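Colleague: For reference, the structure I am asking about is given below.
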Amino acid sequence: MTRSLAPPVRPRTGQADAVVCTGKPAHSRGVIKIGRMQGLDTAAKLLGGQQALGNAIGIETRSLRAKLNAERGITDGDVRLTITALECKAKRMLAHVEKLRREIIPESTNLHTFTPEQLDIENAIEAKQ
């Protein structure tokens with residue numbers, strides 16, 4: 001014999017309830033804003049896809065898609081973790097840029113300061129013609 005219990009009834013106090021009641025509690029957290037959704041979408045592209053961003057946030061790709069489609073809210077924690085992931089990637093990219101610069105510019109020329117005339121490409125092209 002199966003018995004179904006009715007949900008508990010809270011007394012009304014005349015004030016707004018502090019807890020949001022929804023059929024799916026996981027959907028009640030976070031903020032649904034276009035700016036956050038677009039920010040996460042752009043971050044996913046910069047990080048290499050939704051899988052990479054989901055891993056950085058600690059959620060499945062399916063949950064990330066729900067956040068990007070406004071089915072679930074995006075918490076401040078989601079945004080903070082996204083920022084951290086982007087900063088880590090940016091640091092890695094800048095370190096790689098420096099490594100590549102050292103490959104093409106010999107150490108002796110790194111110390112040379114160019115004059116504005118040397119940096120003016122248009123004048124250099126005209127001088128050759």
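Labels for the structure tokens follow display order: chains A, B, ..., residues from 1 in each chain, ligands from 1.
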Near segment 36-45 of chain A, counting only C-alpha atoms, which residues have an atom at most 12 Å away, once you skip same-chain residues fewer than 2 positions from it, shown as an NGL selection string?
Modeller: :A and (30-34 or 47-57 or 61 or 64-87 or 89-90)
Colleague: Can you measure atom CA of Leu46 of chain A to atom CA of Ile104 of chain A for me? One decimal in Å is fine.
Modeller: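 Separation of atom CA of Leu46 of chain A and atom CA of Ile104 of chain A: 26.2 Å.
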Colleague: So how far away is atom CA of Gly35 of chain A from atom CA of Lys91 of chain A, in Å?
Modeller: 24.4 Å
